[in-house]
>>> print(open('my_file-v4.cif').read())   # mmCIF, C-alpha atoms
data_target
loop_
_atom_site.label_atom_id
_atom_site.label_comp_id
_atom_site.auth_asym_id
_atom_site.auth_seq_id
_atom_site.Cartn_x
_atom_site.Cartn_y
_atom_site.Cartn_z
CA MET A 283 52.02 151.36 164.76
CA ARG A 284 54.99 153.14 163.21
CA GLN A 285 56.07 149.89 161.53
CA MET A 286 52.60 149.42 160.07
CA GLU A 287 52.60 152.95 158.67
CA ASP A 288 56.05 152.44 157.15
CA ALA A 289 54.90 149.17 155.58
CA ARG A 290 51.78 150.81 154.20
CA LYS A 291 53.82 153.63 152.68
CA LYS A 292 56.25 151.19 151.09
CA TYR A 293 53.38 149.20 149.53
CA GLU A 294 51.68 152.28 148.08
CA GLU A 295 54.93 153.46 146.53
CA ILE A 296 55.69 150.16 144.79
CA PRO A 297 55.87 150.75 140.99
CA ILE A 298 54.24 148.40 138.50
CA PRO A 299 56.56 145.37 138.25
CA ALA A 300 58.01 144.60 134.84
CA GLU A 301 57.20 140.94 135.45
CA LEU A 302 54.91 139.49 138.04
CA SER A 303 57.25 136.57 138.64
CA GLY A 304 59.87 138.81 140.22
CA ARG A 305 57.37 140.23 142.68
CA VAL A 306 56.16 136.74 143.48
CA ARG A 307 59.67 135.58 144.36
CA GLU A 308 60.19 138.54 146.66
CA ALA A 309 56.84 137.95 148.33
CA ILE A 310 57.66 134.29 148.86
CA ALA A 311 60.98 135.17 150.43
CA ARG A 312 59.25 137.58 152.86
CA SER A 313 56.41 135.20 153.69
CA GLU A 314 57.87 131.72 153.96
CA GLU A 315 54.92 130.52 156.02
CA LYS A 316 52.61 131.03 153.03
CA ARG A 317 54.36 128.38 150.94
CA ASN A 318 51.23 126.25 150.78
CA TYR A 319 49.86 128.59 148.16
CA GLN A 320 52.55 127.35 145.79
CA GLU A 321 50.79 124.00 145.65
CA GLN A 322 47.69 125.34 143.96
CA ARG A 323 46.99 123.77 140.61
CA ILE A 324 47.41 126.02 137.64
CA GLY A 325 44.80 125.70 134.91
CA ALA A 326 44.87 126.86 131.33
CA VAL A 327 42.34 129.38 130.11
CA ARG A 328 41.56 129.88 126.47
CA ILE A 329 40.43 133.44 125.85
CA HIS A 330 39.33 134.82 122.54
CA ARG A 331 40.34 138.18 121.21
CA ARG A 332 38.01 140.00 118.85
CA ASN A 333 40.42 139.64 115.91
CA GLY A 334 41.89 136.30 116.83
CA ARG A 335 42.63 133.99 119.73
CA TRP A 336 44.68 134.74 122.77
CA GLY A 337 45.66 131.08 122.82
CA THR A 338 45.97 128.47 125.51
CA TRP A 339 48.39 129.22 128.28
CA ALA A 340 49.27 128.23 131.80
CA GLY A 341 51.68 129.74 134.31
CA ALA A 342 52.68 129.88 137.91
CA ALA A 343 49.98 132.44 138.65
CA ALA A 344 48.88 130.82 141.90
CA ALA A 345 51.55 132.92 143.59
CA LEU A 346 49.50 136.00 142.68
CA VAL A 347 47.35 135.08 145.67
CA LEU A 348 50.46 135.43 147.84
CA VAL A 349 51.15 138.93 146.53
CA PHE A 350 47.53 139.81 147.24
CA THR A 351 47.92 138.51 150.79
CA THR A 352 50.99 140.70 151.22
CA ALA A 353 48.95 143.70 150.09
CA LEU A 354 46.30 142.92 152.68
CA ASN A 355 48.94 142.62 155.40
CA THR A 356 50.83 145.81 154.55
CA SER A 357 48.05 148.25 153.70
CA THR A 358 45.45 148.97 156.38
CA ALA A 359 43.22 150.86 153.96
CA PHE A 360 43.41 148.08 151.39
CA ALA A 361 42.60 145.41 153.95
CA LYS A 362 39.63 147.36 155.26
CA MET A 363 38.30 147.88 151.76
CA ALA A 364 38.70 144.19 150.85
CA ALA A 365 37.05 142.97 154.03
CA GLY A 366 34.00 145.10 153.36
CA LEU A 367 33.33 143.70 149.90
CA PRO A 368 30.48 141.20 149.61
CA VAL A 369 30.89 137.53 148.85
CA ILE A 370 28.86 136.82 145.73
CA GLY A 371 26.64 133.79 146.15
CA ALA A 372 29.15 132.43 148.69
CA ALA A 373 31.25 131.52 145.68
CA ALA A 374 33.33 134.48 144.43
CA ARG A 375 34.12 138.15 144.82
CA ILE A 376 36.11 140.70 142.88
CA LEU A 377 38.63 143.01 144.51
CA THR A 378 40.84 145.86 143.33
CA PHE A 379 44.25 144.19 143.37
CA ARG A 380 46.25 147.28 142.39
CA SER A 381 45.25 150.92 141.97
CA TYR A 382 47.47 153.90 141.16
CA GLU A 383 47.58 157.23 139.35
CA LYS A 384 50.52 158.96 137.69
CA ASP A 385 51.02 162.41 136.23
CA GLU A 386 53.79 162.14 133.66
CA GLY A 387 53.56 165.78 132.68
CA ASP A 388 52.79 164.97 129.08
CA TRP A 389 49.88 162.74 130.04
CA LYS A 390 48.03 161.35 133.06
CA ILE A 391 47.35 157.69 133.69
CA SER A 392 45.08 155.92 136.16
CA VAL A 393 44.97 152.16 136.63
CA GLU A 394 42.70 149.83 138.60
CA ILE A 395 43.56 146.15 138.28
CA PRO A 396 40.89 143.72 139.53
CA SER A 397 41.44 140.35 141.12
CA VAL A 398 38.91 137.51 141.31
CA GLU A 399 38.83 135.56 144.55
CA MET A 400 37.07 132.20 144.52
CA ILE A 401 35.70 130.98 147.83
CA ALA A 402 35.74 127.30 146.85
CA LYS A 403 38.88 125.36 147.68
CA ASP A 404 39.22 123.71 144.26
CA THR A 405 38.56 125.79 141.16
CA ASN A 406 40.88 123.83 138.86
CA GLY A 407 43.30 126.77 138.87
CA LEU A 408 40.78 129.08 137.19
CA ASP A 409 41.14 132.01 139.60
CA ALA A 410 44.95 132.00 139.58
CA ALA A 411 45.18 131.71 135.79
CA LEU A 412 42.49 134.33 135.28
CA ASN A 413 44.11 136.82 137.64
CA GLN A 414 47.44 136.41 135.87
CA GLU A 415 45.76 137.10 132.53
CA ILE A 416 43.99 140.20 133.86
CA TYR A 417 47.18 141.53 135.43
CA ASP A 418 49.10 141.04 132.20
CA LEU A 419 46.30 142.61 130.15
CA CYS A 420 46.11 145.74 132.30
CA SER A 421 49.87 146.15 132.57
CA ARG A 422 50.38 145.65 128.85
CA TYR A 423 47.68 148.13 127.90
CA ALA A 424 49.01 150.78 130.31
CA ASP A 425 52.56 150.40 128.94
CA GLU A 426 51.47 150.44 125.30
CA ALA A 427 49.15 153.42 125.85
CA ALA A 428 51.97 155.42 127.42
CA GLU A 429 54.20 154.54 124.46
CA ARG A 430 51.48 155.62 122.02
CA ALA A 431 51.06 158.90 123.84
CA GLY A 432 54.80 159.53 123.56
CA GLU A 433 54.76 158.78 119.83
CA TYR A 434 51.73 161.00 119.37
CA LYS A 435 53.49 163.92 121.09
CA LYS A 436 56.60 163.43 118.98
CA ALA A 437 54.56 163.49 115.77
CA PHE A 438 52.57 166.48 117.02
CA MET A 439 55.69 168.52 117.80
CA GLU A 440 57.40 167.54 114.53
CA THR A 441 54.43 168.87 112.55
CA GLY A 442 54.55 172.34 114.10
CA GLY A 443 52.75 171.89 117.42
CA THR A 444 53.80 173.84 120.52
CA GLU A 445 54.09 172.79 124.15
CA ALA A 446 51.13 175.00 125.03
CA GLN A 447 49.01 173.38 122.36
CA TRP A 448 50.10 169.97 123.51
CA GLU A 449 49.12 170.67 127.11
CA ALA A 450 45.66 171.66 125.90
CA HIS A 451 45.16 168.10 124.67
CA ASP A 452 45.02 166.90 128.31
CA ILE A 453 45.93 163.32 127.41
CA ARG A 454 44.41 160.84 129.85
CA ILE A 455 44.88 157.06 129.91
CA HIS A 456 42.60 154.90 132.00
CA VAL A 457 42.66 151.18 132.70
CA GLY A 458 39.86 149.84 134.88
CA TYR A 459 37.02 147.41 135.26
CA GLU A 460 33.24 147.33 135.56
CA ILE A 461 31.15 144.64 137.23
CA LYS A 462 28.29 143.69 134.91
CA ALA A 463 26.50 141.09 137.02
CA GLN A 464 26.92 139.30 140.32
CA THR A 465 24.56 136.38 140.96
CA GLU A 466 24.73 132.96 142.53
CA GLU A 467 25.21 131.47 139.07
CA HIS A 468 27.78 133.76 137.48
CA LEU A 469 30.17 136.66 137.91
CA SER A 470 30.52 138.89 134.85
CA PHE A 471 32.77 141.91 134.46
CA ALA A 472 34.64 143.93 131.86
CA VAL A 473 38.26 145.09 131.88
CA GLN A 474 38.79 148.15 129.68
CA GLY A 475 41.54 150.46 128.58
CA THR A 476 40.80 153.87 127.03
CA GLU A 477 42.80 156.86 125.79
CA SER A 478 41.20 160.29 125.64
CA TRP A 479 43.00 161.35 122.47
CA SER A 480 41.93 158.38 120.34
CA ALA A 481 39.00 155.99 120.54
CA ALA A 482 40.74 153.75 118.02
CA TYR A 483 42.95 152.24 120.72
CA SER A 484 40.30 151.39 123.31
CA GLU A 485 40.17 147.73 124.26
CA THR A 486 37.60 145.80 126.29
CA ARG A 487 37.75 142.23 127.50
CA TYR A 488 34.66 140.57 129.00
CA TYR A 489 34.94 137.82 131.59
CA ASN A 490 31.99 135.55 132.38
CA ILE A 491 32.57 133.00 135.12
CA GLY A 492 30.13 130.18 135.84
CA LEU A 493 30.06 129.69 139.60
CA LYS A 494 28.45 126.25 139.54
CA ASP A 495 31.36 124.47 137.90
CA TYR A 496 34.02 127.24 137.89
CA LYS A 497 34.52 127.68 134.16
CA MET A 498 34.57 130.51 131.66
CA LEU A 499 31.10 130.65 130.13
CA THR A 500 30.52 130.52 126.39
CA LEU A 501 27.41 131.47 124.45
CA GLU A 502 26.76 127.76 123.96
CA ASP A 503 26.83 127.24 127.73
CA VAL A 504 24.23 129.97 128.17
CA LEU A 505 21.94 129.48 125.16
CA GLY A 506 22.50 125.84 124.28
CA HIS A 507 23.97 124.08 121.27
CA ASP A 508 21.71 126.10 118.95
CA TYR A 509 23.09 129.37 120.31
CA ALA A 510 24.02 130.85 116.92
CA ARG A 511 20.52 130.57 115.48
CA ILE A 512 18.90 131.82 118.70
CA ALA A 513 21.19 134.85 118.92
CA ASP A 514 20.99 135.63 115.19
CA GLU A 515 17.19 135.65 115.20
CA SER A 516 17.03 137.85 118.30
CA ILE A 517 19.61 140.33 116.99
CA LEU A 518 17.96 140.62 113.58
CA ARG A 519 14.59 141.30 115.25
CA GLN A 520 16.13 143.99 117.44
CA MET A 521 17.89 145.57 114.47
CA GLU A 522 14.56 145.76 112.59
CA ASP A 523 12.92 147.38 115.62
CA MET A 524 15.72 149.95 115.79
CA LYS A 525 15.31 150.73 112.10
CA GLU A 526 11.57 151.26 112.48
CA LYS A 527 11.63 153.21 115.75
CA ASP A 528 14.83 155.24 115.44
CA GLY A 529 15.70 155.08 111.75
CA ALA A 530 18.93 153.25 112.57
CA ALA A 531 21.08 152.26 109.61
CA PHE A 532 23.17 149.11 109.67
CA TRP A 533 25.78 148.02 107.18
CA SER A 534 24.91 145.15 104.90
CA GLY A 535 26.95 141.96 104.92
CA SER A 536 28.87 143.08 101.83
CA GLU A 537 29.99 146.18 103.75
CA GLY A 538 31.25 144.20 106.71
CA GLY A 539 28.00 144.34 108.72
CA PHE A 540 26.24 141.69 110.75
CA THR A 541 26.81 138.25 109.24
CA GLY A 542 25.90 136.03 112.18
CA ILE A 543 27.14 135.04 115.62
CA THR A 544 30.16 132.81 116.24
CA ASP A 545 31.92 131.63 119.38
CA LYS A 546 34.31 134.58 119.03
CA ASN A 547 31.70 137.29 119.65
CA MET A 548 32.11 139.37 122.78
CA PHE A 549 29.35 139.18 125.40
CA TYR A 550 28.66 139.67 129.08
CA MET A 551 25.97 138.38 131.42
CA ASN A 552 23.52 140.83 132.98
CA GLU A 553 21.63 140.65 136.26
CA ASN A 554 18.63 139.06 134.51
CA GLY A 555 20.77 136.07 133.59
CA ASN A 556 20.72 137.01 129.91
CA PRO A 557 23.78 137.26 127.66
CA VAL A 558 24.37 140.69 126.11
CA ILE A 559 26.26 140.46 122.82
CA VAL A 560 28.54 143.44 122.13
CA PHE A 561 29.70 144.81 118.78
CA ASP A 562 32.56 147.30 118.62
CA LYS A 563 32.17 150.72 117.09
CA TYR A 564 32.15 150.47 113.26
CA GLU A 565 31.70 146.69 113.40
CA ILE A 566 28.11 146.47 112.11
CA ALA A 567 27.07 150.13 111.80
CA PRO A 568 28.51 153.62 111.26
CA GLY A 569 30.69 154.94 114.06
CA ALA A 570 28.05 157.46 115.15
CA TYR A 571 26.14 154.61 116.81
CA GLY A 572 29.10 153.74 118.99
CA ARG A 573 29.31 150.34 120.60
CA LEU A 574 26.10 148.36 120.08
CA GLU A 575 24.67 145.84 122.54
CA PHE A 576 21.92 143.25 122.08
CA GLU A 577 20.39 141.41 125.03
CA ILE A 578 19.30 137.86 124.21
CA ASP A 579 16.26 137.07 126.37
CA ARG A 580 16.65 133.47 127.52
CA THR A 581 13.12 133.44 128.95
CA GLU A 582 11.70 134.52 125.60
CA ASN A 583 13.71 131.80 123.89
CA ARG A 584 12.37 129.11 126.21
CA ALA A 585 8.85 130.33 125.57
CA GLU A 586 9.38 130.13 121.82
CA LYS A 587 10.80 126.62 122.05
CA SER A 588 8.23 125.46 124.56
CA GLY A 589 5.76 123.96 122.13
CA TYR A 590 4.97 120.90 124.26
CA THR A 591 4.21 120.30 127.89
CA ASP A 592 4.22 116.50 127.75
CA ASN A 593 5.18 113.59 125.50
CA PHE A 594 1.62 112.96 124.31
CA GLN A 595 1.49 116.32 122.50
CA VAL A 596 4.43 115.66 120.17
CA PRO A 597 3.40 114.86 116.57
CA GLU A 598 4.37 111.42 115.35
CA GLU A 599 6.48 112.78 112.48
CA GLU A 600 8.53 114.90 114.89
CA VAL A 601 9.12 111.88 117.14
CA THR A 602 10.27 109.87 114.14
CA ALA A 603 12.60 112.62 112.91
CA PHE A 604 14.21 112.97 116.34
CA ALA A 605 14.60 109.21 116.73
CA ARG A 606 16.45 109.09 113.43
CA LYS A 607 18.86 111.79 114.64
CA VAL A 608 19.59 109.74 117.76
CA LYS A 609 20.11 106.56 115.73
CA ALA A 610 22.46 108.37 113.35
CA ALA A 611 24.54 109.74 116.24
CA VAL A 612 24.88 106.26 117.74
CA ALA A 613 25.66 104.63 114.39
CA ASP A 614 28.42 107.18 113.76
CA ARG A 615 29.65 106.95 117.38
CA ASP A 616 29.44 110.74 117.30
CA MET A 617 29.68 111.98 120.88
CA ASP A 618 29.19 115.63 119.97
CA ALA A 619 26.02 114.86 118.04
CA LEU A 620 24.60 112.75 120.87
CA ALA A 621 25.52 115.39 123.46
CA SER A 622 23.74 118.08 121.44
CA LEU A 623 20.53 116.01 121.45
CA ALA A 624 20.48 115.48 125.22
CA SER A 625 19.07 117.44 128.15
CA TYR A 626 21.00 117.77 131.38
CA PRO A 627 21.47 116.33 133.88
CA LEU A 628 21.46 113.17 131.75
CA TYR A 629 21.13 109.79 133.47
CA VAL A 630 23.50 107.10 132.18
CA GLY A 631 22.70 103.69 133.67
CA PHE A 632 25.81 101.59 133.35
CA LYS A 633 25.67 97.96 134.49
CA ASP A 634 28.08 98.72 137.32
CA GLY A 635 26.10 101.74 138.51
CA GLY A 636 24.33 104.79 137.19
CA VAL A 637 25.91 108.24 136.82
CA SER A 638 24.56 111.71 136.07
CA ALA A 639 26.22 113.78 133.36
CA GLU A 640 25.64 117.43 134.18
CA SER A 641 26.85 118.82 130.84
CA PRO A 642 27.98 117.79 127.34
CA GLU A 643 31.56 117.91 128.62
CA GLU A 644 30.79 115.44 131.40
CA LEU A 645 29.05 113.13 128.95
CA SER A 646 32.06 113.24 126.62
CA ALA A 647 34.37 112.58 129.56
CA LEU A 648 32.70 109.20 130.11
CA GLY A 649 34.39 108.01 126.92
CA THR A 650 33.27 107.00 123.45
CA ASP A 651 33.86 103.27 124.01
CA ARG A 652 31.96 103.26 127.27
CA ILE A 653 28.93 105.06 125.78
CA PHE A 654 28.79 103.48 122.34
CA THR A 655 29.03 99.84 123.33
CA PRO A 656 28.44 97.20 120.63
CA GLU A 657 25.23 96.22 122.44
CA LEU A 658 23.86 99.79 122.47
CA CYS A 659 24.78 100.33 118.82
CA ALA A 660 23.05 97.09 117.85
CA ALA A 661 19.94 97.96 119.85
CA ALA A 662 19.70 101.44 118.34
CA GLU A 663 20.16 100.11 114.82
CA ALA A 664 17.41 97.52 115.29
CA ALA A 665 14.98 99.92 116.99
CA GLU A 666 11.91 100.90 114.99
CA GLU A 667 11.65 104.71 114.89
CA GLU A 668 8.30 105.01 113.13
CA THR A 669 6.05 103.28 115.65
CA LEU A 670 7.25 104.69 118.96
CA SER A 671 4.51 105.13 121.55
CA PRO A 672 4.51 107.94 124.11
CA SER A 673 4.45 107.37 127.85
CA MET A 674 4.97 109.53 130.91
CA ALA A 675 8.67 108.55 130.83
CA GLY A 676 9.05 109.32 127.12
CA PHE A 677 9.88 107.34 123.99
CA VAL A 678 12.21 104.34 124.14
CA LEU A 679 14.59 103.34 121.36
CA LYS A 680 15.32 99.66 121.94
CA LYS A 681 15.47 96.20 120.45
CA ASP A 682 14.14 94.30 123.46
CA GLY A 683 14.70 95.53 127.01
CA THR A 684 18.16 96.99 127.51
CA PRO A 685 20.30 98.61 126.27
CA ASN A 686 17.97 101.45 125.30
CA ILE A 687 17.83 105.19 124.87
CA VAL A 688 14.96 107.20 126.35
CA PHE A 689 13.97 110.59 124.96
CA GLY A 690 11.08 112.91 125.65
CA VAL A 691 9.94 116.48 126.17
CA SER A 692 12.38 118.66 128.09
CA HIS A 693 11.79 122.44 128.29
CA GLY A 694 9.22 122.14 125.53
CA ALA A 695 11.35 120.21 123.02
CA LEU A 696 12.47 116.64 122.48
CA ALA A 697 15.77 115.61 124.07
CA VAL A 698 17.56 112.45 125.16
CA LYS A 699 16.85 111.99 128.86
CA GLY A 700 18.49 108.66 129.66
CA ILE A 701 20.76 105.89 128.37
CA ASN A 702 20.47 102.43 129.90
CA TYR A 703 22.76 99.40 129.50
#
>>> encode(input="my_file-v4.cif", output="structure tokens")
Amino acid sequence: MRQMEDARKKYEEIPIPAELSGRVREAIARSEEKRNYQEQRIGAVRIHRRNGRWGTWAGAAAALVLVFTTALNTSTAFAKMAAGLPVIGAAARILTFRSYEKDEGDWKISVEIPSVEMIAKDTNGLDAALNQEIYDLCSRYADEAAERAGEYKKAFMETGGTEAQWEAHDIRIHVGYEIKAQTEEHLSFAVQGTESWSAAYSETRYYNIGLKDYKMLTLEDVLGHDYARIADESILRQMEDMKEKDGAAFWSGSEGGFTGITDKNMFYMNENGNPVIVFDKYEIAPGAYGRLEFEIDRTENRAEKSGYTDNFQVPEEEVTAFARKVKAAVADRDMDALASLASYPLYVGFKDGGVSAESPEELSALGTDRIFTPELCAAAEAAEEETLSPSMAGFVLKKDGTPNIVFGVSHGALAVKGINY
């Protein structure tokens, strides 16, 4: 028991490491039997920053799991806390990897660093890479905030401030996280750093993890290929409602206001399964409004798009227009264009066996040459798009029998539903 208490005390007194790699090497040396963790695959995660891109990176972050295991083994309180946390959808859970508070005299700092634990055996290295990124983000912000506080005090004292006046500022730095949503489909949370003396240096990073295929979700994943239009229309409606109900004032585009959604916009998923797009203070409105959030109702969007319940309701001109889009995508051998016209899962009936593409990425992974065969291209080019007849299965673009492309109503709109060779 005494040894356990000593180990617990040593863990709780460990300072933030300058580099995680050093801690990893020490942990490996102490826990040789855990070497199997070193064999985890390390994936690369591309994360966007609000004023740029964080870039693609990969590292030996799988060993972070080993450090976490050491924490569980050396801290009774930590282990008890971790064991009591729920498993989200039997797929993932989020734990507090490191928590500490410091009183530096001139300022106080509190830090809570989260760690994502995936239950699945193979996550393509997402959890290890993500945890490394979060650790680096929290550590960097804490170090930079402390440096800023020191510079602020120096400037304050050089301009006539006194120690008593400085103490009255009660400078507090906080780095922590907030779980936004935990469902069987996704885990969404925010990591944030704040400084009490200046809102200008706050920083928030949102993480949205799809638990079906273990990937970082994008707005396109959530809202579809037409995500920008869908989000723009919803946000503009909500802005008009705010103007009418509350007299809210938003900056115009010429003043740096709302100009439309891109893949760089911050968002998080809520418990309703809807994305919530976030704009920083001063980004689209005066600072008095603070940070603005707009929930994009996916159910409402489906209802708006759901003009048809079956293939027999679709007007002939709309069928013709869609068929021409499909023919153009095939003629150009444009995988992105074809993928954007499809619904998923998409059946692809190759001669040597059919497969199901669950996403645009899986369709693209099948390969341009394998999808756009000379026979399929010839059949699509020869197909007559103006006299297509509806059936329960849909509309078939073909020359004779096969190859052919089948499209029909999916979620109220036309989409490619199958490709046959």
>>> resolve_selection(input="my_file-v4.cif", expression="the PyMOL selection byres ((chain A and resi 544) around 12)", output="ChimeraX atom specification")
/A:330,332,500-502,507-514,540-543,545-549,559
>>> resolve_selection(input="my_file-v4.cif", expression="the PyMOL selection byres ((chain A and resi 684-690) around 8)", output="list in words")
Asn593, Glu657, Leu658, Ala661, Ala662, Ala675, Gly676, Phe677, Val678, Leu679, Lys680, Lys681, Asp682, Gly683, Val691, Ser692, Ala695, Leu696, Ala697, Val698, Lys699, Gly700, Ile701, Asn702 and Tyr703 of chain A
>>> resolve_selection(input="my_file-v4.cif", expression="the PyMOL selection byres ((chain A and resi 479) around 9)", output="number ranges by chain")
A: 431, 451-455, 477-478, 480-481
>>> write_last_selection(input="my_file-v4.cif", atoms="C-alpha atoms", output="PDB file, in the coordinates of the input")
ATOM      1  CA  ALA A 431      51.060 158.900 123.840  1.00  0.00           C
ATOM      2  CA  HIS A 451      45.160 168.100 124.670  1.00  0.00           C
ATOM      3  CA  ASP A 452      45.020 166.900 128.310  1.00  0.00           C
ATOM      4  CA  ILE A 453      45.930 163.320 127.410  1.00  0.00           C
ATOM      5  CA  ARG A 454      44.410 160.840 129.850  1.00  0.00           C
ATOM      6  CA  ILE A 455      44.880 157.060 129.910  1.00  0.00           C
ATOM      7  CA  GLU A 477      42.800 156.860 125.790  1.00  0.00           C
ATOM      8  CA  SER A 478      41.200 160.290 125.640  1.00  0.00           C
ATOM      9  CA  SER A 480      41.930 158.380 120.340  1.00  0.00           C
ATOM     10  CA  ALA A 481      39.000 155.990 120.540  1.00  0.00           C
TER      11      ALA A 481
END
>>> residues_near_point(input="my_file-v4.cif", point="(27.0, 140.2, 135.6)", cutoff="6 Å", atoms="all atoms listed in the file", output="compact mmCIF listing (two decimals) with C-alpha atoms, in the coordinates of the input")
# COMPACT_ATOMS: atom_id res chain seq x y z
CA LYS A 462 28.29 143.69 134.91
CA ALA A 463 26.50 141.09 137.02
CA GLN A 464 26.92 139.30 140.32
CA LEU A 469 30.17 136.66 137.91
CA SER A 470 30.52 138.89 134.85
CA MET A 551 25.97 138.38 131.42
CA ASN A 552 23.52 140.83 132.98
CA GLU A 553 21.63 140.65 136.26
>>> closest_residue(input="my_file-v4.cif", among="A:Glu598, A:Glu663, A:Asp495, A:Glu668", to="Glu640 (chain A)", atoms="only C-alpha atoms")
A:Asp495
>>> atom_distance(input="my_file-v4.cif", atom1="CA of Leu408 (chain A)", atom2="CA of Lys497 (chain A)")
7.1 Å
>>> atom_distance(input="my_file-v4.cif", atom1="CA of Asn554 (chain A)", atom2="CA of Gln520 (chain A)")
17.9 Å
>>> residues_around(input="my_file-v4.cif", residues="Ile391 (chain A)", least_positions_apart="3", cutoff="12 Å", atoms="only C-alpha atoms", output="list in words")
Ser381, Tyr382, Glu383, Lys384, Asp385, Glu386, Gly387, Asp388, Glu394, Ser421, Tyr423, Ala424, Asp425, Glu426, Ala427, Ala428, Glu429, Ala431, Asp452, Ile453, Arg454, Ile455, His456, Val457, Gly458, Gly475, Thr476, Glu477 and Ser478 of chain A
>>> closest_residue(input="my_file-v4.cif", among="A:Pro672, A:Pro597, A:Gly694, A:Pro568", to="Ala531 (chain A)", atoms="only C-alpha atoms")
A:Pro568
>>> atom_distance(input="my_file-v4.cif", atom1="CA of Tyr459 (chain A)", atom2="CA of Arg375 (chain A)")
13.6 Å
>>> residues_near_point(input="my_file-v4.cif", point="(28.2, 117.5, 119.4)", cutoff="12 Å", atoms="all atoms listed in the file", output="PyMOL selection string")
chain A and resi 502+506-508+607-608+611-612+614-624+641-643+645-646
>>> axis_aligned_box(input="my_file-v4.cif", around="region 624-636 of chain A", padding_each_side="4 Å", output="JSON")
{"center_x": 23.6, "center_y": 107.9, "center_z": 131.9, "size_x": 17.0, "size_y": 27.8, "size_z": 21.3}
>>> decode(input="my_file-v4.cif", residues="region 453-465 of chain A", atoms="N, CA, C and O atoms", output="mmCIF file, in the first residue's frame")
data_model
loop_
_atom_site.group_PDB
_atom_site.id
_atom_site.type_symbol
_atom_site.label_atom_id
_atom_site.label_comp_id
_atom_site.auth_asym_id
_atom_site.auth_seq_id
_atom_site.Cartn_x
_atom_site.Cartn_y
_atom_site.Cartn_z
ATOM 1 N N ILE A 453 -4.921 37.485 -12.647
ATOM 2 C CA ILE A 453 -4.773 36.848 -13.954
ATOM 3 C C ILE A 453 -4.967 35.339 -13.827
ATOM 4 O O ILE A 453 -4.311 34.672 -13.028
ATOM 5 N N ARG A 454 -5.897 34.822 -14.635
ATOM 6 C CA ARG A 454 -6.173 33.387 -14.625
ATOM 7 C C ARG A 454 -6.127 32.845 -16.049
ATOM 8 O O ARG A 454 -6.719 33.419 -16.952
ATOM 9 N N ILE A 455 -5.435 31.734 -16.202
ATOM 10 C CA ILE A 455 -5.305 31.052 -17.495
ATOM 11 C C ILE A 455 -5.958 29.682 -17.347
ATOM 12 O O ILE A 455 -5.700 28.956 -16.383
ATOM 13 N N HIS A 456 -6.808 29.348 -18.299
ATOM 14 C CA HIS A 456 -7.474 28.044 -18.226
ATOM 15 C C HIS A 456 -7.406 27.339 -19.576
ATOM 16 O O HIS A 456 -7.674 27.940 -20.621
ATOM 17 N N VAL A 457 -7.039 26.088 -19.542
ATOM 18 C CA VAL A 457 -7.058 25.226 -20.719
ATOM 19 C C VAL A 457 -7.908 24.013 -20.360
ATOM 20 O O VAL A 457 -7.631 23.336 -19.366
ATOM 21 N N GLY A 458 -8.948 23.766 -21.129
ATOM 22 C CA GLY A 458 -9.832 22.651 -20.812
ATOM 23 C C GLY A 458 -10.614 22.190 -22.020
ATOM 24 O O GLY A 458 -10.310 22.554 -23.154
ATOM 25 N N TYR A 459 -11.623 21.375 -21.758
ATOM 26 C CA TYR A 459 -12.419 20.841 -22.857
ATOM 27 C C TYR A 459 -13.877 20.724 -22.444
ATOM 28 O O TYR A 459 -14.213 20.721 -21.260
ATOM 29 N N GLU A 460 -14.751 20.646 -23.448
ATOM 30 C CA GLU A 460 -16.180 20.511 -23.220
ATOM 31 C C GLU A 460 -16.743 19.512 -24.216
ATOM 32 O O GLU A 460 -16.547 19.645 -25.426
ATOM 33 N N ILE A 461 -17.431 18.505 -23.725
ATOM 34 C CA ILE A 461 -18.073 17.522 -24.597
ATOM 35 C C ILE A 461 -19.352 18.131 -25.144
ATOM 36 O O ILE A 461 -20.223 18.557 -24.402
ATOM 37 N N LYS A 462 -19.471 18.178 -26.458
ATOM 38 C CA LYS A 462 -20.639 18.751 -27.111
ATOM 39 C C LYS A 462 -21.711 17.705 -27.393
ATOM 40 O O LYS A 462 -22.905 17.990 -27.274
ATOM 41 N N ALA A 463 -21.311 16.524 -27.795
ATOM 42 C CA ALA A 463 -22.280 15.474 -28.107
ATOM 43 C C ALA A 463 -21.610 14.113 -28.037
ATOM 44 O O ALA A 463 -20.457 13.957 -28.426
ATOM 45 N N GLN A 464 -22.367 13.145 -27.533
ATOM 46 C CA GLN A 464 -21.897 11.769 -27.470
ATOM 47 C C GLN A 464 -23.041 10.879 -27.943
ATOM 48 O O GLN A 464 -24.031 10.708 -27.239
ATOM 49 N N THR A 465 -22.938 10.344 -29.137
ATOM 50 C CA THR A 465 -23.963 9.465 -29.682
ATOM 51 C C THR A 465 -23.288 8.236 -30.267
ATOM 52 O O THR A 465 -22.064 8.130 -30.280
#
